[in-house]
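Quick look at target14.csv (CSV, C-alpha atoms and all ligand atoms):
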```csv
chain,number,residue,atom,x,y,z
A,159,MET,CA,-123.9,47.4,-6.4
A,160,ASN,CA,-125.5,49.6,-3.7
A,161,SER,CA,-125.7,53.1,-5.2
A,162,ALA,CA,-124.5,54.6,-1.9
A,163,GLU,CA,-121.2,52.9,-2.6
A,164,LEU,CA,-120.8,54.5,-6.0
A,165,SER,CA,-117.8,56.8,-6.5
A,166,VAL,CA,-118.8,60.2,-7.8
A,167,PHE,CA,-116.1,62.1,-9.7
A,168,ILE,CA,-115.7,65.3,-11.7
A,169,ARG,CA,-116.1,64.1,-15.3
A,170,ALA,CA,-115.3,67.6,-16.8
A,171,ILE,CA,-114.9,71.2,-15.8
A,172,GLY,CA,-115.3,74.4,-17.7
A,173,VAL,CA,-115.0,78.1,-16.8
A,174,HIS,CA,-115.9,81.5,-18.1
A,175,ALA,CA,-114.7,84.9,-17.1
A,176,PRO,CA,-115.8,88.2,-18.6
A,177,GLU,CA,-113.4,89.9,-21.1
A,178,ARG,CA,-113.1,93.2,-19.3
A,179,LYS,CA,-110.1,93.4,-17.0
A,180,LEU,CA,-110.1,96.0,-14.3
A,181,THR,CA,-106.5,96.7,-13.1
A,182,ASN,CA,-105.3,98.1,-9.8
A,183,ALA,CA,-104.0,101.1,-11.7
A,184,GLU,CA,-107.5,101.8,-12.9
A,185,LEU,CA,-109.0,101.3,-9.4
A,186,SER,CA,-106.5,103.8,-8.0
A,187,LEU,CA,-108.2,106.4,-10.2
A,188,MET,CA,-111.6,105.5,-8.7
A,189,VAL,CA,-110.8,105.4,-5.0
A,190,GLU,CA,-107.8,106.3,-2.8
A,191,THR,CA,-105.7,103.2,-3.2
A,192,SER,CA,-102.6,102.0,-5.0
A,193,ASP,CA,-101.4,99.0,-6.9
A,194,ASP,CA,-98.8,98.5,-4.2
A,195,TRP,CA,-101.4,98.4,-1.3
A,196,ILE,CA,-103.8,96.1,-3.1
A,197,LYS,CA,-101.0,93.6,-4.2
A,198,SER,CA,-99.2,93.6,-0.9
A,199,ARG,CA,-102.4,93.3,1.3
A,200,SER,CA,-104.4,90.9,-0.9
A,201,GLY,CA,-102.2,89.5,-3.8
A,202,ILE,CA,-104.7,90.8,-6.4
A,203,SER,CA,-103.5,92.6,-9.6
A,204,GLU,CA,-106.6,92.7,-11.7
A,205,ARG,CA,-110.1,91.2,-11.8
A,206,ARG,CA,-112.7,90.6,-14.5
A,207,ILE,CA,-115.9,92.7,-14.6
A,208,ALA,CA,-119.1,91.5,-16.4
A,209,GLY,CA,-120.6,93.8,-18.9
A,210,PRO,CA,-124.2,95.0,-18.9
A,211,GLY,CA,-126.5,92.0,-19.7
A,212,GLU,CA,-123.7,89.6,-18.8
A,213,ASN,CA,-125.2,87.9,-15.8
A,214,PRO,CA,-124.4,84.9,-13.6
A,215,SER,CA,-126.7,82.7,-15.7
A,216,ASP,CA,-124.9,83.9,-18.9
A,217,MET,CA,-121.4,83.3,-17.5
A,218,GLY,CA,-122.6,80.0,-15.9
A,219,ALA,CA,-124.1,78.8,-19.3
A,220,LYS,CA,-120.8,79.5,-21.1
A,221,ALA,CA,-118.8,77.6,-18.4
A,222,ALA,CA,-121.3,74.7,-18.5
A,223,ALA,CA,-121.1,74.6,-22.3
A,224,LYS,CA,-117.3,74.1,-22.1
A,225,ALA,CA,-117.7,71.4,-19.5
A,226,LEU,CA,-120.3,69.6,-21.6
A,227,GLU,CA,-118.0,69.8,-24.7
A,228,ARG,CA,-115.0,68.5,-22.7
A,229,ALA,CA,-117.2,65.6,-21.4
A,230,GLY,CA,-118.5,64.8,-24.8
A,231,LEU,CA,-122.0,65.1,-23.4
A,232,LYS,CA,-125.1,66.9,-24.6
A,233,ALA,CA,-127.5,69.2,-22.7
A,234,GLU,CA,-130.1,66.5,-22.5
A,235,ASP,CA,-127.6,64.2,-20.6
A,236,ILE,CA,-127.9,66.4,-17.5
A,237,ASP,CA,-130.3,65.1,-14.9
A,238,LEU,CA,-129.9,67.7,-12.2
A,239,LEU,CA,-128.6,71.3,-12.0
A,240,ILE,CA,-127.3,73.0,-8.8
A,241,VAL,CA,-126.1,76.6,-9.0
A,242,ALA,CA,-124.1,78.2,-6.2
A,243,THR,CA,-124.4,82.0,-6.2
A,244,MET,CA,-124.7,84.9,-3.8
A,245,THR,CA,-125.5,87.3,-6.7
A,246,PRO,CA,-128.4,85.6,-8.4
A,247,ASP,CA,-129.7,87.3,-11.7
A,248,VAL,CA,-133.0,88.1,-9.9
A,249,PRO,CA,-134.4,87.4,-6.4
A,250,PHE,CA,-136.6,84.7,-8.0
A,251,PRO,CA,-136.8,82.5,-9.9
A,252,SER,CA,-133.5,80.7,-9.2
A,253,THR,CA,-130.5,81.3,-11.4
A,254,ALA,CA,-130.6,77.5,-11.9
A,255,CYS,CA,-134.0,77.8,-13.6
A,256,LEU,CA,-132.7,80.6,-15.9
A,257,LEU,CA,-129.6,78.6,-16.7
A,258,GLN,CA,-131.7,75.5,-17.4
A,259,ALA,CA,-133.5,77.4,-20.1
A,260,LYS,CA,-130.4,79.1,-21.5
A,261,LEU,CA,-128.6,75.7,-21.7
A,262,GLY,CA,-131.6,73.9,-23.2
A,263,LEU,CA,-131.5,71.3,-20.4
A,264,ARG,CA,-134.4,68.8,-20.2
A,265,ARG,CA,-137.6,70.4,-18.9
A,266,ASP,CA,-138.3,67.7,-16.4
A,267,ILE,CA,-135.1,67.9,-14.3
A,268,PRO,CA,-134.7,69.5,-10.8
A,269,CYS,CA,-132.8,72.8,-10.8
A,270,PHE,CA,-132.1,74.9,-7.7
A,271,ASP,CA,-129.7,77.4,-6.2
A,272,ILE,CA,-127.6,77.1,-3.1
A,273,SER,CA,-126.9,80.2,-1.1
A,274,ALA,CA,-123.6,79.7,0.8
A,275,ALA,CA,-121.6,82.6,-0.5
A,276,CYS,CA,-118.0,81.8,-1.2
A,277,SER,CA,-118.4,78.3,0.2
A,278,GLY,CA,-121.2,77.7,-2.4
A,279,PHE,CA,-119.3,75.5,-4.8
A,280,VAL,CA,-118.1,73.2,-2.1
A,281,TYR,CA,-121.6,73.0,-0.6
A,282,ALA,CA,-123.1,72.3,-4.1
A,283,LEU,CA,-120.5,69.7,-4.9
A,284,GLN,CA,-121.5,67.8,-1.8
A,285,VAL,CA,-125.2,68.1,-2.3
A,286,GLY,CA,-124.8,66.9,-5.9
A,287,THR,CA,-122.6,64.0,-4.8
A,288,ASP,CA,-125.1,62.8,-2.2
A,289,MET,CA,-128.0,63.2,-4.6
A,290,MET,CA,-126.1,61.1,-7.2
A,291,ARG,CA,-125.6,58.4,-4.6
A,292,SER,CA,-129.3,58.1,-4.3
A,293,GLY,CA,-129.1,56.5,-7.7
A,294,ALA,CA,-131.6,58.8,-9.3
A,295,TYR,CA,-129.2,60.8,-11.5
A,296,ARG,CA,-126.5,60.0,-14.0
A,297,HIS,CA,-125.0,63.4,-14.6
A,298,VAL,CA,-125.2,66.3,-12.2
A,299,LEU,CA,-124.2,69.8,-13.3
A,300,VAL,CA,-122.7,72.0,-10.5
A,301,ILE,CA,-122.1,75.6,-11.3
A,302,GLY,CA,-120.6,78.5,-9.3
A,303,ALA,CA,-121.4,81.8,-10.9
A,304,GLU,CA,-121.1,85.3,-9.6
A,305,LYS,CA,-121.3,89.0,-10.5
A,306,LEU,CA,-119.9,90.6,-7.4
A,307,SER,CA,-119.3,93.8,-9.3
A,308,SER,CA,-123.1,94.3,-9.0
A,309,VAL,CA,-123.1,94.3,-5.2
A,310,VAL,CA,-119.8,96.1,-4.5
A,311,ASP,CA,-119.8,99.7,-3.4
A,312,TRP,CA,-117.3,101.2,-5.9
A,313,GLN,CA,-116.7,104.1,-3.5
A,314,ASP,CA,-115.6,101.8,-0.6
A,315,ARG,CA,-111.9,101.1,-1.0
A,316,THR,CA,-111.9,98.5,1.7
A,317,THR,CA,-114.0,96.1,-0.4
A,318,CYS,CA,-114.1,97.2,-4.1
A,319,VAL,CA,-110.5,96.3,-4.7
A,320,LEU,CA,-111.1,92.6,-3.7
A,321,PHE,CA,-113.9,91.2,-5.8
A,322,GLY,CA,-114.5,90.1,-9.4
A,323,ASP,CA,-116.9,88.2,-11.7
A,324,GLY,CA,-116.8,84.8,-13.3
A,325,ALA,CA,-118.2,81.3,-13.4
A,326,GLY,CA,-117.1,77.6,-13.2
A,327,ALA,CA,-119.0,74.4,-13.9
A,328,ALA,CA,-118.3,70.8,-13.1
A,329,ILE,CA,-120.1,67.7,-14.4
A,330,LEU,CA,-120.4,64.9,-11.8
A,331,GLU,CA,-120.6,61.3,-12.9
A,332,ALA,CA,-120.8,58.0,-11.0
A,333,THR,CA,-118.4,55.0,-11.5
A,334,ASN,CA,-118.0,51.6,-10.0
A,335,VAL,CA,-114.2,52.2,-9.6
A,336,LYS,CA,-113.5,52.3,-5.9
A,337,ARG,CA,-112.0,55.2,-3.9
A,338,VAL,CA,-112.0,57.8,-6.7
A,339,GLY,CA,-113.7,61.2,-7.1
A,340,ILE,CA,-115.2,62.8,-4.0
A,341,LEU,CA,-113.8,60.9,-1.0
A,342,GLY,CA,-115.2,63.0,1.8
A,343,ASN,CA,-116.1,66.4,2.9
A,344,VAL,CA,-116.9,68.6,5.9
A,345,LEU,CA,-119.3,71.6,5.8
A,346,GLY,CA,-120.1,74.1,8.5
A,347,ALA,CA,-121.7,77.4,9.3
A,348,ASP,CA,-121.9,80.0,12.1
A,349,GLY,CA,-124.8,82.4,11.6
A,350,THR,CA,-123.9,84.3,14.8
A,351,ASN,CA,-121.2,85.9,12.6
A,352,ALA,CA,-123.6,86.9,9.8
A,353,GLU,CA,-122.9,90.6,10.2
A,354,LEU,CA,-119.2,90.3,9.4
A,355,LEU,CA,-120.0,90.0,5.7
A,356,HIS,CA,-123.5,90.9,4.5
A,357,CYS,CA,-125.8,93.0,2.4
A,358,VAL,CA,-128.7,94.4,4.5
A,359,ALA,CA,-131.3,95.5,1.9
A,360,GLY,CA,-133.0,94.0,-1.1
A,361,GLY,CA,-134.5,91.1,0.7
A,362,SER,CA,-137.9,90.8,2.4
A,363,ALA,CA,-136.6,92.3,5.7
A,364,SER,CA,-135.6,95.5,3.9
A,365,PRO,CA,-137.1,95.7,0.4
A,366,ALA,CA,-135.6,98.2,-2.0
A,367,SER,CA,-136.8,101.8,-1.3
A,368,ALA,CA,-135.5,105.3,-1.8
A,369,GLU,CA,-134.0,105.2,1.7
A,370,THR,CA,-132.2,101.9,1.2
A,371,LEU,CA,-130.7,103.2,-2.1
A,372,ARG,CA,-129.7,106.5,-0.5
A,373,ASP,CA,-128.0,104.8,2.4
A,374,GLY,CA,-126.1,102.3,0.1
A,375,LYS,CA,-127.7,99.3,1.8
A,376,HIS,CA,-127.7,97.2,-1.3
A,377,PHE,CA,-123.9,97.0,-1.2
A,378,LEU,CA,-121.8,94.3,0.3
A,379,ARG,CA,-120.3,95.3,3.7
A,380,MET,CA,-117.5,93.5,5.4
A,381,ASN,CA,-115.4,93.5,8.6
A,382,GLY,CA,-112.3,92.5,6.7
A,383,LYS,CA,-110.0,92.0,9.7
A,384,GLU,CA,-112.3,89.7,11.6
A,385,VAL,CA,-113.3,87.7,8.4
A,386,PHE,CA,-109.5,87.3,7.8
A,387,ARG,CA,-108.9,85.9,11.3
A,388,LEU,CA,-111.8,83.5,11.2
A,389,ALA,CA,-111.1,82.4,7.6
A,390,VAL,CA,-107.6,81.2,8.5
A,391,ARG,CA,-108.9,79.2,11.5
A,392,VAL,CA,-111.9,77.6,9.8
A,393,MET,CA,-110.0,76.8,6.6
A,394,ALA,CA,-107.1,75.1,8.4
A,395,GLU,CA,-109.5,73.2,10.7
A,396,SER,CA,-111.7,72.1,7.7
A,397,CYS,CA,-108.6,70.7,5.9
A,398,GLU,CA,-107.5,68.9,9.0
A,399,ARG,CA,-111.0,67.5,9.6
A,400,VAL,CA,-111.6,66.2,6.1
A,401,LEU,CA,-108.1,64.6,6.0
A,402,ALA,CA,-108.8,62.9,9.3
A,403,LYS,CA,-112.2,61.7,8.1
A,404,CYS,CA,-110.7,60.2,5.0
A,405,GLY,CA,-107.6,58.8,6.8
A,406,VAL,CA,-105.3,60.7,4.6
A,407,ASP,CA,-102.1,62.6,5.6
A,408,SER,CA,-101.5,66.1,4.2
A,409,ASP,CA,-98.3,64.9,2.6
A,410,GLN,CA,-100.4,62.7,0.4
A,411,VAL,CA,-102.3,65.6,-1.0
A,412,ALA,CA,-100.9,66.7,-4.4
A,413,TRP,CA,-102.9,70.0,-4.6
A,414,PHE,CA,-104.8,72.3,-2.2
A,415,ILE,CA,-107.3,74.5,-4.0
A,416,PRO,CA,-108.4,77.2,-1.6
A,417,HIS,CA,-111.0,79.8,-2.1
A,418,GLN,CA,-109.2,82.7,-3.7
A,419,ALA,CA,-109.8,85.6,-1.3
A,420,ASN,CA,-106.5,86.8,-0.1
A,421,ILE,CA,-103.0,85.4,-0.7
A,422,ARG,CA,-102.1,86.2,2.9
A,423,ILE,CA,-105.0,84.0,4.1
A,424,VAL,CA,-103.7,81.1,1.9
A,425,GLU,CA,-100.2,81.6,3.2
A,426,ALA,CA,-101.4,81.5,6.8
A,427,VAL,CA,-103.5,78.3,6.1
A,428,ALA,CA,-100.5,76.7,4.4
A,429,ASN,CA,-98.3,77.6,7.3
A,430,GLN,CA,-100.8,76.1,9.8
A,431,LEU,CA,-101.0,72.9,7.8
A,432,ASN,CA,-97.2,72.9,7.4
A,433,VAL,CA,-97.6,72.5,3.6
A,434,GLY,CA,-95.5,74.5,1.1
A,435,MET,CA,-97.1,77.2,-1.0
A,436,GLU,CA,-96.1,75.4,-4.2
A,437,ARG,CA,-98.9,72.9,-3.5
A,438,PHE,CA,-101.5,75.8,-3.4
A,439,PRO,CA,-102.0,76.9,-7.0
A,440,PHE,CA,-103.7,80.3,-7.2
A,441,ASN,CA,-105.1,82.7,-9.8
A,442,LEU,CA,-106.3,85.3,-7.4
A,443,ASP,CA,-103.8,87.8,-8.9
A,444,ARG,CA,-105.8,87.8,-12.1
A,445,TYR,CA,-109.4,87.2,-11.0
A,446,GLY,CA,-109.7,88.6,-7.4
A,447,ASN,CA,-112.3,87.0,-5.2
A,448,THR,CA,-115.1,85.6,-7.3
A,449,SER,CA,-116.9,83.9,-4.4
A,450,ALA,CA,-118.6,80.6,-5.5
A,451,ALA,CA,-116.8,80.7,-8.9
A,452,SER,CA,-113.3,81.0,-7.3
A,453,ILE,CA,-112.7,77.3,-6.6
A,454,PRO,CA,-113.8,76.0,-10.0
A,455,LEU,CA,-111.8,78.8,-11.7
A,456,ALA,CA,-108.6,77.8,-9.8
A,457,LEU,CA,-109.3,74.0,-10.1
A,458,GLU,CA,-109.8,74.3,-13.9
A,459,GLU,CA,-106.7,76.3,-14.4
A,460,ALA,CA,-104.6,73.9,-12.3
A,461,TRP,CA,-106.0,71.0,-14.4
A,462,ARG,CA,-105.5,72.8,-17.7
A,463,ASP,CA,-101.9,73.7,-16.8
A,464,GLY,CA,-101.3,70.0,-16.4
A,465,LYS,CA,-100.7,70.3,-12.7
A,466,ILE,CA,-103.6,68.0,-11.6
A,467,LYS,CA,-103.2,64.5,-13.0
A,468,HIS,CA,-105.1,61.3,-12.9
A,469,GLY,CA,-104.9,59.8,-9.4
A,470,ASP,CA,-103.9,63.0,-7.6
A,471,LEU,CA,-105.4,63.8,-4.3
A,472,VAL,CA,-106.9,67.3,-4.4
A,473,LEU,CA,-108.3,69.2,-1.4
A,474,LEU,CA,-110.8,72.0,-2.1
A,475,VAL,CA,-111.3,74.4,0.9
A,476,ALA,CA,-113.6,77.4,1.2
A,477,PHE,CA,-115.1,79.9,3.6
A,478,GLY,CA,-117.4,82.8,3.1
A,479,ALA,CA,-120.4,84.9,4.2
A,480,GLY,CA,-122.7,83.2,6.7
A,481,LEU,CA,-120.2,82.5,7.9
A,482,THR,CA,-119.9,79.3,6.0
A,483,TRP,CA,-117.0,76.9,5.3
A,484,GLY,CA,-116.3,73.6,3.8
A,485,ALA,CA,-113.6,71.2,2.5
A,486,THR,CA,-113.8,68.4,-0.1
A,487,LEU,CA,-111.1,65.8,-0.6
A,488,LEU,CA,-111.1,64.1,-4.0
A,489,ARG,CA,-109.0,61.8,-6.1
A,490,TRP,CA,-108.8,63.2,-9.6
A,491,HIS,CA,-110.2,60.6,-12.0
A,492,GLU,CA,-110.0,60.6,-15.8
A,493,PRO,CA,-111.9,57.5,-16.9
A,494,THR,CA,-110.2,57.3,-20.3
A,495,LEU,CA,-106.7,56.8,-18.7
B,1,LIG,O1,-114.6,85.5,0.6
B,1,LIG,C1,-114.5,86.1,1.8
B,1,LIG,C2,-114.3,87.6,1.6
B,1,LIG,N1,-113.6,88.3,2.5
B,1,LIG,C3,-112.2,88.2,2.7
B,1,LIG,O2,-111.6,87.3,2.4
B,1,LIG,C4,-111.6,89.4,3.4
B,1,LIG,C5,-110.7,89.0,4.4
B,1,LIG,N2,-109.9,90.2,4.8
B,1,LIG,C6,-108.9,90.7,4.1
B,1,LIG,O3,-108.6,90.2,3.0
B,1,LIG,C7,-108.1,91.9,4.6
B,1,LIG,O4,-108.6,92.2,5.9
B,1,LIG,C8,-108.3,93.2,3.8
B,1,LIG,C9,-107.5,93.0,2.4
B,1,LIG,C10,-109.7,93.4,3.5
B,1,LIG,C11,-107.6,94.3,4.5
B,1,LIG,O5,-106.3,94.1,4.8
B,1,LIG,P1,-105.8,94.4,6.3
B,1,LIG,O6,-104.4,94.1,6.3
B,1,LIG,O7,-106.7,93.7,7.3
B,1,LIG,O8,-106.0,96.0,6.3
B,1,LIG,P2,-106.8,96.9,7.3
B,1,LIG,O9,-108.3,96.6,7.1
B,1,LIG,O10,-106.3,96.7,8.7
B,1,LIG,O11,-106.4,98.3,6.8
B,1,LIG,C12,-105.1,98.8,7.0
B,1,LIG,C13,-105.1,100.3,6.5
B,1,LIG,C14,-106.3,101.1,7.1
B,1,LIG,O12,-105.8,102.4,7.3
B,1,LIG,P3,-105.4,102.9,8.8
B,1,LIG,O13,-106.6,102.8,9.6
B,1,LIG,O14,-104.3,102.0,9.2
B,1,LIG,O15,-104.9,104.3,8.5
B,1,LIG,C15,-107.3,101.1,6.0
B,1,LIG,O16,-108.1,102.3,6.0
B,1,LIG,O17,-105.3,100.3,5.1
B,1,LIG,C16,-106.4,101.1,4.8
B,1,LIG,N3,-107.0,100.6,3.6
B,1,LIG,C17,-106.6,100.9,2.3
B,1,LIG,N4,-105.6,101.6,1.9
B,1,LIG,C18,-105.4,101.7,0.6
B,1,LIG,C19,-108.1,99.8,3.5
B,1,LIG,N5,-108.4,99.5,2.2
B,1,LIG,C20,-107.5,100.2,1.5
B,1,LIG,C21,-107.2,100.3,0.1
B,1,LIG,N6,-106.2,101.0,-0.3
B,1,LIG,N7,-108.0,99.6,-0.8
```

Structure rendered as structure tokens:
Amino acid sequence: MNSAELSVFIRAIGVHAPERKLTNAELSLMVETSDDWIKSRSGISERRIAGPGENPSDMGAKAAAKALERAGLKAEDIDLLIVATMTPDVPFPSTACLLQAKLGLRRDIPCFDISAACSGFVYALQVGTDMMRSGAYRHVLVIGAEKLSSVVDWQDRTTCVLFGDGAGAAILEATNVKRVGILGNVLGADGTNAELLHCVAGGSASPASAETLRDGKHFLRMNGKEVFRLAVRVMAESCERVLAKCGVDSDQVAWFIPHQANIRIVEAVANQLNVGMERFPFNLDRYGNTSAASIPLALEEAWRDGKIKHGDLVLLVAFGAGLTWGATLLRWHEPTL
């Protein structure tokens, strides 16, 4: 069989979130905010915060270990590692290389990071799927891992209440079964809107200096209102485009797993698609926005809760800094069933 015709599916998924919970009540002692404001404007009640020395590569390794265990696979079975993150452990080498060493993956496999912010997991899933279809890899590990707490300005109430830390990992496998796993996707970006959500220092354009530190330029800055408006539009459009591409009607989709940024964004997307909120499982209330980790965290929870079942159509949809966006339609496949 032509490897381009292979179906690529998520064989197993694992997640990890730091133990430490930061509640809205605690935040209201740090900045001028309230539980009521945060909950009503975003849907978030608490978020997880990584401890010192608990980095994306550590959280990603724990999530991947769970996925490997669930798949009944060993570290040496992984042929390719892709990590989506906007908060890499260090500027270089890649978090993927650090993770390769921590997980004890084979030393001859390709490992690289993808920088697509909150859309990173959807981007990485597609890159991994397409590389599997080349026929060169049997198992691809895709990880979204973030430590947003390290780039958030804890004195800026407009952003610090929204973000959290965590990681999720998926193992991709190929099968000859037709029309299962990843059925189609759309990805997009608009760099003219880069300044809506960005961090201006710490890269080669503005390396760390006493001035950049003094001016708080290493922190994430966001035009929340504008991001909100664009997020609703691109997420709804991405869903419609991937459904049209795959010839599937929204009624046939069992579960929509959106990037967990703001419950009001999800409600607006659901409304535009004319789909009830009961088909949008969410865990934003307990994790906040974990960027590239948010979709795998929500997907794993919906699967573990017994919502997602063999044969279900599941639509993942994300947007984030860049701006970037993407949607993936998949048919959940459990080969043992
Ligand atoms: O992964 C992508 C990441 N980004 C996003 O998803 C963010 C998208 N945007 C949003 O989620 C929303 O725009 C926010 C949650 C960030 C803000 O909600 P909003 O309804 O757009 O509020 P706003 O920015 O219009 O602010 C309303 C008021 C302002 O006060 P004034 O000017 O009306 O007096 C803010 O200063 O709320 C104030 N405010 C707060 N008050 C209490 C802003 N942040 C807070 C806060 N606590 N944490």

Self-check item: Nearest candidate to ligand LIG 1 (chain B) (options A:Glu492, A:Asp314, A:Glu163, A:Glu395; using all atoms listed in the file)
Solution: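 Closest to ligand LIG 1 (chain B) of all the choices is A:Asp314.
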
Could you build a table of the residues in chain A lying no more than 7 Å from ligand LIG 1 (chain B), giving for each the nearest pair of atoms and their separation in Å rounded to one decimal place, using all atoms listed in the file, ordered by chain and ascending residue number, as JSON lines?
```
{"residue": "A:Glu190", "atom": "CA", "partner": "B:LIG1", "partner_atom": "N6", "distance": 6.1}
{"residue": "A:Thr191", "atom": "CA", "partner": "B:LIG1", "partner_atom": "N6", "distance": 3.7}
{"residue": "A:Ser192", "atom": "CA", "partner": "B:LIG1", "partner_atom": "N6", "distance": 6.0}
{"residue": "A:Trp195", "atom": "CA", "partner": "B:LIG1", "partner_atom": "C18", "distance": 5.5}
{"residue": "A:Ile196", "atom": "CA", "partner": "B:LIG1", "partner_atom": "N7", "distance": 5.9}
{"residue": "A:Arg199", "atom": "CA", "partner": "B:LIG1", "partner_atom": "C9", "distance": 5.2}
{"residue": "A:Ser200", "atom": "CA", "partner": "B:LIG1", "partner_atom": "C9", "distance": 5.0}
{"residue": "A:Cys276", "atom": "CA", "partner": "B:LIG1", "partner_atom": "O1", "distance": 5.3}
{"residue": "A:Arg315", "atom": "CA", "partner": "B:LIG1", "partner_atom": "N7", "distance": 4.2}
{"residue": "A:Thr316", "atom": "CA", "partner": "B:LIG1", "partner_atom": "N5", "distance": 3.7}
{"residue": "A:Thr317", "atom": "CA", "partner": "B:LIG1", "partner_atom": "C10", "distance": 6.4}
{"residue": "A:Val319", "atom": "CA", "partner": "B:LIG1", "partner_atom": "N7", "distance": 5.7}
{"residue": "A:Gly382", "atom": "CA", "partner": "B:LIG1", "partner_atom": "O4", "distance": 3.8}
{"residue": "A:Lys383", "atom": "CA", "partner": "B:LIG1", "partner_atom": "O4", "distance": 4.1}
{"residue": "A:Val385", "atom": "CA", "partner": "B:LIG1", "partner_atom": "C5", "distance": 4.9}
{"residue": "A:Phe386", "atom": "CA", "partner": "B:LIG1", "partner_atom": "C5", "distance": 4.0}
{"residue": "A:Ala419", "atom": "CA", "partner": "B:LIG1", "partner_atom": "O2", "distance": 4.5}
{"residue": "A:Asn420", "atom": "CA", "partner": "B:LIG1", "partner_atom": "O3", "distance": 5.1}
{"residue": "A:Asn447", "atom": "CA", "partner": "B:LIG1", "partner_atom": "O1", "distance": 6.4}
{"residue": "A:Ser449", "atom": "CA", "partner": "B:LIG1", "partner_atom": "O1", "distance": 5.7}
{"residue": "A:Phe477", "atom": "CA", "partner": "B:LIG1", "partner_atom": "O1", "distance": 6.4}
{"residue": "A:Gly478", "atom": "CA", "partner": "B:LIG1", "partner_atom": "C1", "distance": 4.6}
{"residue": "A:Ala479", "atom": "CA", "partner": "B:LIG1", "partner_atom": "C1", "distance": 6.5}
```

Quiz item: So how far away is atom CA of Gly209 of chain A from atom CA of Thr448 of chain A, in Å?
Solution: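 Atom-to-atom, atom CA of Thr448 of chain A and atom CA of Gly209 of chain A are spaced 15.2 Å apart.
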
Exercise. List every protein, DNA or RNA residue that has an atom no more than 10 Å from (-104.8, 83.7, 2.5) in the file's coordinate frame, counting only C-alpha atoms, and report them as JSON, numbers by chain.
Key: {"A": [199, 200, 201, 386, 387, 389, 390, 393, 416, 417, 418, 419, 420, 421, 422, 423, 424, 425, 426, 427, 428]}

Quiz item: What does the distance from atom CA of Arg291 of chain A to atom CA of Ser452 of chain A come to in Å, to one decimal?
Solution: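 Here the two named atoms are 25.9 Å from each other.
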
Quiz item: Which residue, A:Thr333, A:Gln410, A:Ser277, A:Asn441, has the smallest gap to Thr486 of chain A when you use only C-alpha atoms?
Solution: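 Closest candidate: A:Ser277.
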
Practice problem: Please identify all polymer residues within 9 Å of Ile301 of chain A, counting all atoms listed in the file, omitting same-chain residues fewer than 5 positions from it, and present them as number ranges by chain. | Solution: A: 218-219, 221-222, 239-243, 254, 279, 282-283, 325-329, 450-451, 454

Exercise. Select, from A:Gln313, A:Ser273, A:Thr287, A:Ser165, the residue with the minimum atom-to-atom distance to Leu187 of chain A, counting all atoms listed in the file.
Key: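 That would be A:Gln313, the residue with the smallest distance to Leu187 of chain A.
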
Considering only C-alpha atoms, return as a compact mmCIF listing (two decimals) with C-alpha atoms, keeping the file's coordinate frame whatever protein or nucleic-acid residues lie within 10 Å of Leu306 of chain A, sequence-local ones (same chain, fewer than 4 positions apart) excluded.
```txt
# COMPACT_ATOMS: atom_id res chain seq x y z
CA ILE A 207 -115.90 92.70 -14.60
CA ALA A 208 -119.10 91.50 -16.40
CA PRO A 214 -124.40 84.90 -13.60
CA THR A 243 -124.40 82.00 -6.20
CA MET A 244 -124.70 84.90 -3.80
CA THR A 245 -125.50 87.30 -6.70
CA PRO A 246 -128.40 85.60 -8.40
CA VAL A 310 -119.80 96.10 -4.50
CA ASP A 311 -119.80 99.70 -3.40
CA CYS A 318 -114.10 97.20 -4.10
CA LEU A 320 -111.10 92.60 -3.70
CA PHE A 321 -113.90 91.20 -5.80
CA GLY A 322 -114.50 90.10 -9.40
CA ASP A 323 -116.90 88.20 -11.70
CA GLY A 324 -116.80 84.80 -13.30
CA PHE A 377 -123.90 97.00 -1.20
CA LEU A 378 -121.80 94.30 0.30
CA ASN A 447 -112.30 87.00 -5.20
CA THR A 448 -115.10 85.60 -7.30
CA SER A 449 -116.90 83.90 -4.40
```

Practice problem: Excluding Phe438 of chain A and any residue of its chain fewer than 3 positions from it, enumerate the residues within 6 Å of it, using only C-alpha atoms, and give them as JSON, numbers by chain. | Solution: {"A": [414, 415, 435]}

Self-check item: Shortest interatomic distance to Cys397 of chain A - which of A:Val411, A:Ala175, A:Ala456, A:Leu355, counting only C-alpha atoms
Solution: A:Val411

Practice problem: May I ask which of the residues A:Asp443, A:Asp348, A:Asp271, A:Glu212 is the closest one to Lys305 of chain A, counting only C-alpha atoms? | Solution: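 Of A:Asp443, A:Asp348, A:Asp271, A:Glu212, the one nearest Lys305 of chain A, counting only C-alpha atoms, is A:Glu212.
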
Quiz item: How many Å lie between atom CA of Gly346 of chain A and atom CA of Ser252 of chain A, rounded to one decimal?
Solution: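 Taking atom CA of Gly346 of chain A as the start and atom CA of Ser252 of chain A as the end point, the length is 23.2 Å.
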
Quiz item: For Arg178 of chain A, which residue out of A:Arg391, A:His356, A:Lys197, A:Arg206 is the nearest one, using only C-alpha atoms?
Solution: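 Comparing A:Arg391, A:His356, A:Lys197, A:Arg206 against Arg178 of chain A, the winner is A:Arg206.
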
Quiz item: Ser215 of chain A: which residues within 8 Å, counting only C-alpha atoms, same-chain residues fewer than 4 positions away excluded, as number ranges by chain?
Solution: A: 219, 247, 253-254, 256-257, 260, 303

Exercise. Using all atoms listed in the file, determine which residues lie at most 6 Å from Glu204 of chain A, disregarding the query and same-chain residues fewer than 3 positions distant; provide the list as number ranges by chain.
Key: A: 180-182, 444
